[in-house]
Amino acid sequence: TPATDLKPWFDAFTDAEQTFSANTHTVMTFGEILDSGGMYDTSTNRFTPTVAGTYYLEAAMVSSGDQRIDAEISIRKNGSKDNNRHSKGNKLNGEDQLPLYTSMIVTANGSSDYFDVYGWYWLHTGSGDKGFSKKHFRGFKIG
């Protein structure tokens with residue numbers, strides 16, 4: 001049936017705000033998990049598919065506040081900056097939110113490959129940490 005063709009699948013999400021430090025790639029954390037195969041680990045914030053195949057993965061986050069920033073969200077395979085998909089955006093002073101979204105289609109070997117999500121931002125003026133909320137990381141096997 002079509003539903004079993006999409007297994008395993010997972011959906012990790014939270015509306016809670018996570019604070020990032022400026023110019024630091026930070027692993028994103030999630031509060032609620034739906035997981036068909038028990039392959040998303042909340043202690044490491046990693047999806048480690050134990051079924052080899054091709055997967056569709058997506059991630060999103062929203063920055064709030066009215067400061068001017070550049071921000072990035074990335075899905076990384078095995079923690080590598082060189083093997084990732086990312087999305088960048090910027091928000092001008094006075095703008096309320098900056099939503100960021102990225103997705104990828106990628107193969108997994110079914111044993112050691114894992115995927116996680118990183119957030120990053122740079123503040124144009126001033127200094128300080130920045131909060132990001134409405135985060136999700138989800139995916140499913142497509143082949």
# chains A, B, ... in the order shown; residues from 1 in each chain; ligands from 1

$ select_by_dssp --residues "stretch 12-137 of chain A" --states "strand (DSSP E)" --output "count of residues only"
74

$ residues_around --residues "A:Phe47" --least-positions-apart "3" --cutoff "7 Å" --atoms "only C-alpha atoms" --output "list in words"
Met39, Tyr40, Asp41, Tyr114, Phe115 and Asp116 of chain A

$ closest_residue --among "A:Gly119, A:Pro8, A:Gly131, A:Gly139" --to "A:Ser74" --atoms "only C-alpha atoms"
A:Gly119

$ residues_around --residues "A:Ser112" --least-positions-apart "5" --cutoff "9 Å" --atoms "only C-alpha atoms" --output "MDAnalysis selection string"
chainID A and resid 48:50 78

$ write_last_selection --atoms "C-alpha atoms" --output "short mmCIF file (atom, residue, chain, number, x, y, z; two decimals), in the first residue's frame"
data_model
loop_
_atom_site.label_atom_id
_atom_site.label_comp_id
_atom_site.auth_asym_id
_atom_site.auth_seq_id
_atom_site.Cartn_x
_atom_site.Cartn_y
_atom_site.Cartn_z
CA THR A 48 19.31 7.79 11.77
CA PRO A 49 17.36 5.68 9.27
CA THR A 50 18.06 1.98 9.71
CA ASN A 78 26.68 12.94 9.06
#

$ closest_residue --among "A:Phe13, A:Trp120, A:Tyr56, A:Phe20" --to "A:Ala108" --atoms "only C-alpha atoms"
A:Tyr56

$ closest_residue --among "A:Gln18, A:Val117, A:Leu98, A:Asn109" --to "A:Ile69" --atoms "only C-alpha atoms"
A:Leu98

$ closest_residue --among "A:Ile75, A:Asn23, A:Phe140, A:Ala16" --to "A:Ser36" --atoms "only C-alpha atoms"
A:Phe140

$ closest_residue --among "A:Arg138, A:Thr107, A:Gly143, A:Gln97" --to "A:Thr14" --atoms "only C-alpha atoms"
A:Arg138

$ atom_distance --atom1 "atom CA of A:Met28" --atom2 "atom CA of A:His136"
9.2 Å

$ select_by_dssp --residues "chain A" --states "alpha helix (DSSP H)" --output "NGL selection string"
:A and (2-5)

$ write_last_selection --atoms "all heavy atoms" --output "PDB file, in the first residue's frame"
ATOM      1  N   PRO A   2       0.363   2.375  -0.458  1.00  0.00           N
ATOM      2  CA  PRO A   2       1.177   3.590  -0.512  1.00  0.00           C
ATOM      3  C   PRO A   2       1.717   4.026   0.844  1.00  0.00           C
ATOM      4  O   PRO A   2       2.830   4.495   0.938  1.00  0.00           O
ATOM      5  CB  PRO A   2       0.218   4.632  -1.083  1.00  0.00           C
ATOM      6  CG  PRO A   2      -0.787   3.840  -1.842  1.00  0.00           C
ATOM      7  CD  PRO A   2      -0.919   2.537  -1.110  1.00  0.00           C
ATOM      8  N   ALA A   3       0.952   3.871   1.919  1.00  0.00           N
ATOM      9  CA  ALA A   3       1.415   4.332   3.232  1.00  0.00           C
ATOM     10  C   ALA A   3       2.665   3.586   3.687  1.00  0.00           C
ATOM     11  O   ALA A   3       3.563   4.177   4.275  1.00  0.00           O
ATOM     12  CB  ALA A   3       0.304   4.176   4.264  1.00  0.00           C
ATOM     13  N   THR A   4       2.747   2.298   3.424  1.00  0.00           N
ATOM     14  CA  THR A   4       3.929   1.558   3.854  1.00  0.00           C
ATOM     15  C   THR A   4       5.133   1.886   2.996  1.00  0.00           C
ATOM     16  O   THR A   4       6.264   1.708   3.422  1.00  0.00           O
ATOM     17  CB  THR A   4       3.681   0.040   3.822  1.00  0.00           C
ATOM     18  OG1 THR A   4       3.296  -0.335   2.501  1.00  0.00           O
ATOM     19  CG2 THR A   4       2.620  -0.355   4.816  1.00  0.00           C
ATOM     20  N   ASP A   5       4.920   2.378   1.780  1.00  0.00           N
ATOM     21  CA  ASP A   5       6.033   2.778   0.926  1.00  0.00           C
ATOM     22  C   ASP A   5       6.767   3.990   1.484  1.00  0.00           C
ATOM     23  O   ASP A   5       7.909   4.240   1.119  1.00  0.00           O
ATOM     24  CB  ASP A   5       5.544   3.087  -0.484  1.00  0.00           C
ATOM     25  CG  ASP A   5       5.033   1.852  -1.204  1.00  0.00           C
ATOM     26  OD1 ASP A   5       5.372   0.729  -0.791  1.00  0.00           O
ATOM     27  OD2 ASP A   5       4.287   2.030  -2.169  1.00  0.00           O
TER      28      ASP A   5
END

$ closest_residue --among "A:Leu34, A:Ile73, A:His124, A:Lys130" --to "A:Met61" --atoms "only C-alpha atoms"
A:Ile73

$ residues_around --residues "A:Tyr121" --least-positions-apart "5" --cutoff "6 Å" --atoms "only C-alpha atoms" --output "number ranges by chain"
A: 22-23, 70-71

$ write_last_selection --atoms "N, CA, C and O atoms" --output "compact mmCIF listing (two decimals), in the first residue's frame"
# COMPACT_ATOMS: atom_id res chain seq x y z
N ALA A 22 25.33 34.28 18.28
CA ALA A 22 25.70 34.86 16.99
C ALA A 22 26.90 34.15 16.39
O ALA A 22 27.84 33.77 17.10
N ASN A 23 26.85 33.97 15.07
CA ASN A 23 27.96 33.38 14.30
C ASN A 23 28.34 31.97 14.75
O ASN A 23 29.49 31.57 14.60
N ASP A 70 21.00 38.30 9.33
CA ASP A 70 21.10 37.27 8.31
C ASP A 70 20.98 35.95 9.05
O ASP A 70 21.51 35.82 10.17
N ALA A 71 20.31 34.98 8.48
CA ALA A 71 20.14 33.70 9.16
C ALA A 71 20.20 32.57 8.14
O ALA A 71 20.03 32.78 6.94

$ atom_distance --atom1 "atom CA of A:Ser133" --atom2 "atom CA of A:Asp113"
26.9 Å
